[in-house]
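Presented below is the structure to which this report refers.
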Amino acid sequence: MDLNGNLTDTTVLVVDDVPAGRYAMATVLRRAGHRVIEAGSGTEALAELDIRLRKGTLPDVALVDIGLPDMSGFELCRRFKERPHLIGLPVVHFSAAAVAPADRCRGLDTGDESYLTVPAEPEEIEAVVRAAVRGARLRADNRALVRRLTLLSETIVTIQSARSLQELADAAADGAARLTGTPAAVFVLDPDDELYRGLSRDRTLVALPDDGAHLAVSALLRRLSRGQSGVQLTTVPAPLWPTGFFRPGVQHDARLALALTQDGRAPICLAVPARGMRRAGQESEALLAQLAEATALAAEPLLMYQVERHVALTLQHSFLPQPHRLPELPGLDIAVRYVPASRETEIGGDFYAALATDDGMLTAVGDVVGHSLDAATVMVEIRHALRAYCVDDSDPGVLAERLDRMLQRYHPELTATVCLALTDPATGRTRIANAGHIPPLLLRGTGTGDYVKAHGPLLGPGLPHPAPTELFLEPGDRLLMVTDGLIETRGIDLEVSMEQLRSASLGALPGLDALCDTLLASFGHDREDDIAMLALRLRG
């Protein structure tokens with residue numbers, strides 16, 4: 001478009017079977033600054049468009065004579081509109097003969113823009129072409145805007161369903177890339193200065209920016225967001241924006257859409273290459289700002305959950321005895337491990353306990369069903385109740401009954417599993433009560449290993465519990481107790497996982513620490529649940 005608002009640099013397809021008429025029309029258009037493609041029939045026009053489609057050089061408008069030799073201009077228009085890549089091509093019909101109103105209506109029905117009677121003045125021809133192209137471009141812009149708004153809505157729905165800040169960053173990065181047609185990176189800086197980064201899927205995973213680049217982004221976000229309100233759009237020049245977030249090893253000026261959570265503590269940054277953003281236009285920039293605001297709103301509950309999870313983890317760690325504080329009894333060794341679930345999952349209620357009693361060492365591993373701060377607090381209650389109950393009676397069967405009644409009384413909505421074992425180091429006599437838990441794995445010093453046949457209902461429903469199972473440990477025997485978070489995997493039967501655990505345990509080196517470390521190395525990666533593990537061994 002020139003300074004006077006005239007459309008230039010457009011390509012016009014002229015379809016006319018009369019060479020003189022086609023020449024005259026083309027001459028007028030070329031003098032007006034347009035490029036012209038000529039065709040003498042409908043078939044020739046369709047073939048030419050197929051060639052230009054492969055080259056990516058389709059015309060901007062078609063002027064079509066009504067009276068073509070192989071098909072009518074109306075039929076050619078209809079064929080244009082049947083092809084997805086030509087449906088937006090504006091068509092202007094023309095004729096030197098008089099055309100009845102019914103025929104003109106037929107042309108409009110097939111999708112033409114207007115009708116031109118020839119011969120016509122050059123000004124009229126140019127005006128008709130300008131109007132047709134303007135109308136087509138306006139419709140194309142409207143369709144593009146609708147597509148972008150649809151993409152924005154779909155992305156917002158996706159980020160609102162994100163279960164973690166990492167999922168949120170990944171979803172927002174993909175949405176930003178689709179909205180702008182450029183690579184995108186999204187950063188969420190939590191109140192503890194931990195940076196979560198998401199890259200759009202078109203960004204290859206080779207040559208990712210190093211830790212120094214992420215530290216630079218964190219510092220930049222803190223500085224830019226100081227005193228900010230609303231959404232801020234700013235450009236950061238390449239020397240200040242780390243290399244490689246959009247393309248490996250390439251420097252870019254970055255266009256940032258920066259938003260804060262409502263409490264102002266966590267900045268959310270959507271970043272795209274500034275050059276690509278200029279090509280995308282102001283509408284894309286406005287949509288990017290809306291996406292940044294929506295991402296900040298979606299981040300709020302995830303950040304609140306992080307705080308809750310931190311409290312729950314602190315609570316668990318504070319009440320689970322550390323290995324160096326475990327009680328000691330002559331003739332018995334104990335090793336414990338506790339691994340919280342991955343950051344993307346909720347906190348659980350797994351626990352272990354080792355308590356020295358008058359009758360020997362009472363060990364326990366359990367799991368409060370559910371994933372929440374409530375599960376963690378109930379776990380603490382069960383451990384404290386166990387400590388108190390075993391002062392008067394350390395029999396595992398009695399303790400299981402009492403813990404069951406405690407849950408029924410104070411937490412009727414919750415259930416828990418627990419395995420209790422009382423071991424006399426002097427004789428090796430071990431009594432085991434199992435309430436809905438994975439049974440202990442007995443690893444004999446002779447190199448064999450089997451699960452103890454100890455079963456019973458979980459805690460909470462108030463069902464009767466069977467008498468404890470009794471066995472005798474020999475010097476060198478090991479007893480392993482774990483929660484299901486170590487081995488439970490979706491889609492795999494628990495019995496299969498238990499057999500894998502048994503095989504891995506038999507292949508571990510002697511010693512309790514070697515056993516625990518081997519099992520964590522084999523099963524403990526990216527688990528969806530907490531892991532609690534306790535192993536004991538009768539000394540020789």
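If you're wondering about the labels, chains in the structure tokens are A, B, ... by order shown, residues count from 1 in each chain, ligands from 1 in order shown.
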Quiz item: Counting only C-alpha atoms, what is within 8 Å of Ile438 of chain A, bar same-chain residues fewer than 3 positions away, as number ranges by chain?
Solution: A: 419, 434, 481-484
Serialized selection, N, CA and C atoms, as a short mmCIF file (atom, residue, chain, number, x, y, z; two decimals), in the first residue's frame:
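Result file follows (again-v2.cif):
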```
data_model
loop_
_atom_site.label_atom_id
_atom_site.label_comp_id
_atom_site.auth_asym_id
_atom_site.auth_seq_id
_atom_site.Cartn_x
_atom_site.Cartn_y
_atom_site.Cartn_z
N CYS A 419 3.31 -51.93 58.61
CA CYS A 419 3.89 -53.23 58.93
C CYS A 419 4.74 -53.05 60.17
N ASN A 434 1.00 -57.24 60.01
CA ASN A 434 0.92 -56.48 58.76
C ASN A 434 -0.51 -56.00 58.55
N MET A 481 11.84 -53.73 54.94
CA MET A 481 10.48 -53.21 54.96
C MET A 481 10.46 -51.92 54.14
N VAL A 482 9.52 -51.83 53.16
CA VAL A 482 9.45 -50.67 52.28
C VAL A 482 8.00 -50.24 52.11
N THR A 483 7.82 -48.99 51.67
CA THR A 483 6.49 -48.54 51.24
C THR A 483 6.36 -48.75 49.74
N ASP A 484 5.11 -48.76 49.26
CA ASP A 484 4.90 -49.10 47.84
C ASP A 484 5.41 -48.03 46.89
#
```
Exercise. Write out as a PyMOL selection string which residues come within 9 Å of segment 164-174 of chain A when counting only C-alpha atoms, dropping same-chain ones fewer than 3 positions away.
Key: chain A and resi 155-156+158-161+177-179+183-188+196-202+270-271+291-292+295+298-299+302-303+306+343-345
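Atom CA of Thr235 of chain A sits 20.5 Å away from atom CA of Ala294 of chain A.
One distance worth recording is that between atom CA of Leu459 of chain A and atom CA of Cys516 of chain A, which is 26.7 Å.
Of the residues listed (A:Ile37, A:Val378, A:Ala238, A:Leu89), A:Val378 shows the shortest atom-to-atom separation from Gly366 of chain A; distances use only C-alpha atoms.
Note that the spacing between atom CA of Gly462 of chain A and atom CA of Gln408 of chain A amounts to 7.0 Å.
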Residues of segment 400-471 of chain A within 9 Å of segment 494-510 of chain A: nearest atom pair and distance (Å, one decimal) for each, counting only C-alpha atoms, sorted by chain and number, as CSV?
```
residue,atom,partner,partner_atom,distance
A:Ile438,CA,A:Met498,CA,8.6
A:Leu441,CA,A:Arg502,CA,7.3
A:Leu443,CA,A:Leu506,CA,7.3
A:Gly445,CA,A:Pro510,CA,8.9
A:Gly447,CA,A:Leu506,CA,6.8
A:Thr448,CA,A:Leu506,CA,7.1
A:Gly449,CA,A:Leu506,CA,6.7
A:Asp450,CA,A:Arg502,CA,7.3
A:Tyr451,CA,A:Arg502,CA,8.2
```
Self-check item: Per-residue DSSP, segment 386-478 of chain A, filtered to strand (DSSP E or B), as a PyMOL selection string
Solution: chain A and resi 416-423+429-435+441-443+449-451+459+469-472+478
Under the rule of at most 12 Å, produce a per-residue listing of segment 125-176 of chain A near segment 25-28 of chain A: chain, number, name, the closest pair of atoms, and the distance in Å, as a Markdown table, using only C-alpha atoms.
```
| residue | atom | partner | partner_atom | distance |
| --- | --- | --- | --- | --- |
| A:Ile125 | CA | A:Val28 | CA | 8.0 |
| A:Glu126 | CA | A:Val28 | CA | 8.2 |
| A:Ala127 | CA | A:Val28 | CA | 11.9 |
| A:Val129 | CA | A:Val28 | CA | 11.4 |
```
Quiz item: Residues of segment 22-96 of chain A in alpha helix (DSSP H) according to DSSP, as a PyMOL selection string?
Solution: chain A and resi 22-31+42-55+73-82
Got a sec: who's within 8 Å of Arg429 of chain A, counting only C-alpha atoms, leaving out chain neighbours fewer than 2 positions off, as a PDB file with N, CA, C and O atoms, in the first residue's frame?
```
ATOM      1  N   THR A 423      11.631 -57.470  67.148  1.00  0.00           N
ATOM      2  CA  THR A 423      12.757 -58.407  67.047  1.00  0.00           C
ATOM      3  C   THR A 423      13.545 -58.426  68.352  1.00  0.00           C
ATOM      4  O   THR A 423      13.929 -57.373  68.879  1.00  0.00           O
ATOM      5  N   ASP A 424      13.759 -59.640  68.871  1.00  0.00           N
ATOM      6  CA  ASP A 424      14.600 -59.835  70.055  1.00  0.00           C
ATOM      7  C   ASP A 424      16.018 -60.134  69.573  1.00  0.00           C
ATOM      8  O   ASP A 424      16.263 -61.213  69.010  1.00  0.00           O
ATOM      9  N   PRO A 425      16.983 -59.221  69.748  1.00  0.00           N
ATOM     10  CA  PRO A 425      18.332 -59.451  69.232  1.00  0.00           C
ATOM     11  C   PRO A 425      19.008 -60.674  69.836  1.00  0.00           C
ATOM     12  O   PRO A 425      19.849 -61.300  69.197  1.00  0.00           O
ATOM     13  N   THR A 427      17.687 -63.638  70.698  1.00  0.00           N
ATOM     14  CA  THR A 427      17.222 -64.933  70.189  1.00  0.00           C
ATOM     15  C   THR A 427      16.895 -64.915  68.699  1.00  0.00           C
ATOM     16  O   THR A 427      16.763 -65.983  68.083  1.00  0.00           O
ATOM     17  N   ARG A 431       8.312 -61.104  65.618  1.00  0.00           N
ATOM     18  CA  ARG A 431       6.858 -61.203  65.457  1.00  0.00           C
ATOM     19  C   ARG A 431       6.415 -60.038  64.569  1.00  0.00           C
ATOM     20  O   ARG A 431       6.768 -58.884  64.815  1.00  0.00           O
ATOM     21  N   GLU A 470       5.155 -65.323  63.300  1.00  0.00           N
ATOM     22  CA  GLU A 470       6.399 -65.454  64.069  1.00  0.00           C
ATOM     23  C   GLU A 470       7.451 -66.177  63.233  1.00  0.00           C
ATOM     24  O   GLU A 470       7.156 -67.154  62.532  1.00  0.00           O
ATOM     25  N   LEU A 471       8.691 -65.675  63.316  1.00  0.00           N
ATOM     26  CA  LEU A 471       9.817 -66.330  62.647  1.00  0.00           C
ATOM     27  C   LEU A 471      11.077 -66.042  63.466  1.00  0.00           C
ATOM     28  O   LEU A 471      11.058 -65.228  64.396  1.00  0.00           O
ATOM     29  N   PHE A 472      12.163 -66.726  63.103  1.00  0.00           N
ATOM     30  CA  PHE A 472      13.427 -66.526  63.814  1.00  0.00           C
ATOM     31  C   PHE A 472      14.503 -66.124  62.803  1.00  0.00           C
ATOM     32  O   PHE A 472      14.677 -66.764  61.761  1.00  0.00           O
ATOM     33  N   LEU A 473      15.186 -65.028  63.116  1.00  0.00           N
ATOM     34  CA  LEU A 473      16.301 -64.569  62.302  1.00  0.00           C
ATOM     35  C   LEU A 473      17.577 -65.264  62.760  1.00  0.00           C
ATOM     36  O   LEU A 473      17.818 -65.422  63.959  1.00  0.00           O
TER      37      LEU A 473
END
```
Quiz item: What lies within 8 Å of Val368 of chain A using only C-alpha atoms, ignoring chain neighbours under 6 positions off, as a PyMOL selection string?
Solution: chain A and resi 348-350+375-376+378-379+414-417
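Among A:Asp253, A:Asp16, A:Asp210, A:Glu474, the residue with the shortest atom-to-atom distance to Gly428 of chain A, counting only C-alpha atoms, is A:Glu474.
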Quiz prompt | Leu240 of chain A surroundings by only C-alpha atoms, 9 Å radius, close-in-sequence under 2 positions cut, as a list of chain:residue names | solution = A:Ala216, A:Leu220, A:Val236, A:Pro237, A:Ala238, A:Pro242, A:Asp253
Writing out the chosen residues with all heavy atoms as a PDB file, in the first residue's frame:
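Writing the result to part19.pdb gives the following:
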```
ATOM      1  N   ALA A 216      21.528 -15.228  34.866  1.00  0.00           N
ATOM      2  CA  ALA A 216      21.385 -13.910  34.258  1.00  0.00           C
ATOM      3  C   ALA A 216      19.912 -13.559  34.058  1.00  0.00           C
ATOM      4  O   ALA A 216      19.484 -12.423  34.304  1.00  0.00           O
ATOM      5  CB  ALA A 216      22.130 -13.857  32.929  1.00  0.00           C
ATOM      6  N   LEU A 220      17.782 -10.539  35.825  1.00  0.00           N
ATOM      7  CA  LEU A 220      17.078  -9.592  34.956  1.00  0.00           C
ATOM      8  C   LEU A 220      15.604  -9.498  35.320  1.00  0.00           C
ATOM      9  O   LEU A 220      15.028  -8.398  35.388  1.00  0.00           O
ATOM     10  CB  LEU A 220      17.241 -10.039  33.506  1.00  0.00           C
ATOM     11  CG  LEU A 220      16.704  -9.107  32.422  1.00  0.00           C
ATOM     12  CD1 LEU A 220      17.474  -7.799  32.419  1.00  0.00           C
ATOM     13  CD2 LEU A 220      16.803  -9.773  31.053  1.00  0.00           C
ATOM     14  N   VAL A 236      14.691  -6.438  25.409  1.00  0.00           N
ATOM     15  CA  VAL A 236      16.021  -6.554  26.003  1.00  0.00           C
ATOM     16  C   VAL A 236      17.011  -6.821  24.874  1.00  0.00           C
ATOM     17  O   VAL A 236      16.871  -7.816  24.158  1.00  0.00           O
ATOM     18  CB  VAL A 236      16.069  -7.687  27.044  1.00  0.00           C
ATOM     19  CG1 VAL A 236      17.474  -7.826  27.620  1.00  0.00           C
ATOM     20  CG2 VAL A 236      15.068  -7.424  28.160  1.00  0.00           C
ATOM     21  N   PRO A 237      17.997  -5.950  24.682  1.00  0.00           N
ATOM     22  CA  PRO A 237      18.944  -6.149  23.575  1.00  0.00           C
ATOM     23  C   PRO A 237      19.810  -7.381  23.785  1.00  0.00           C
ATOM     24  O   PRO A 237      20.023  -7.839  24.912  1.00  0.00           O
ATOM     25  CB  PRO A 237      19.778  -4.863  23.584  1.00  0.00           C
ATOM     26  CG  PRO A 237      19.632  -4.318  24.973  1.00  0.00           C
ATOM     27  CD  PRO A 237      18.276  -4.716  25.438  1.00  0.00           C
ATOM     28  N   ALA A 238      20.304  -7.916  22.671  1.00  0.00           N
ATOM     29  CA  ALA A 238      21.051  -9.170  22.683  1.00  0.00           C
ATOM     30  C   ALA A 238      22.211  -9.200  23.681  1.00  0.00           C
ATOM     31  O   ALA A 238      22.402 -10.221  24.344  1.00  0.00           O
ATOM     32  CB  ALA A 238      21.548  -9.488  21.274  1.00  0.00           C
ATOM     33  N   PRO A 242      20.732 -13.573  27.344  1.00  0.00           N
ATOM     34  CA  PRO A 242      21.646 -14.690  27.077  1.00  0.00           C
ATOM     35  C   PRO A 242      21.377 -15.370  25.737  1.00  0.00           C
ATOM     36  O   PRO A 242      20.243 -15.454  25.265  1.00  0.00           O
ATOM     37  CB  PRO A 242      21.382 -15.643  28.252  1.00  0.00           C
ATOM     38  CG  PRO A 242      20.809 -14.785  29.324  1.00  0.00           C
ATOM     39  CD  PRO A 242      20.022 -13.730  28.620  1.00  0.00           C
ATOM     40  N   ASP A 253      17.768 -10.096  20.134  1.00  0.00           N
ATOM     41  CA  ASP A 253      17.045  -9.171  20.991  1.00  0.00           C
ATOM     42  C   ASP A 253      15.762  -9.883  21.421  1.00  0.00           C
ATOM     43  O   ASP A 253      15.127 -10.563  20.606  1.00  0.00           O
ATOM     44  CB  ASP A 253      16.678  -7.894  20.235  1.00  0.00           C
ATOM     45  CG  ASP A 253      17.907  -7.095  19.813  1.00  0.00           C
ATOM     46  OD1 ASP A 253      18.982  -7.343  20.372  1.00  0.00           O
ATOM     47  OD2 ASP A 253      17.769  -6.237  18.910  1.00  0.00           O
TER      48      ASP A 253
END
```
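Distances from A:Ser229, A:Arg405, A:Phe94, A:Thr446 to Pro464 of chain A were compared using only C-alpha atoms, and the smallest one belongs to A:Arg405.
Nearest residue to Arg148 of chain A, choosing from A:Leu288, A:Ala136, A:Leu538, A:Met533 and counting only C-alpha atoms: A:Leu288.
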Quiz prompt | Given only C-alpha atoms as the counted atoms, nearest of A:Ala353, A:Ala435, A:Ala454, A:Leu151 to Tyr338 of chain A | solution = A:Ala353
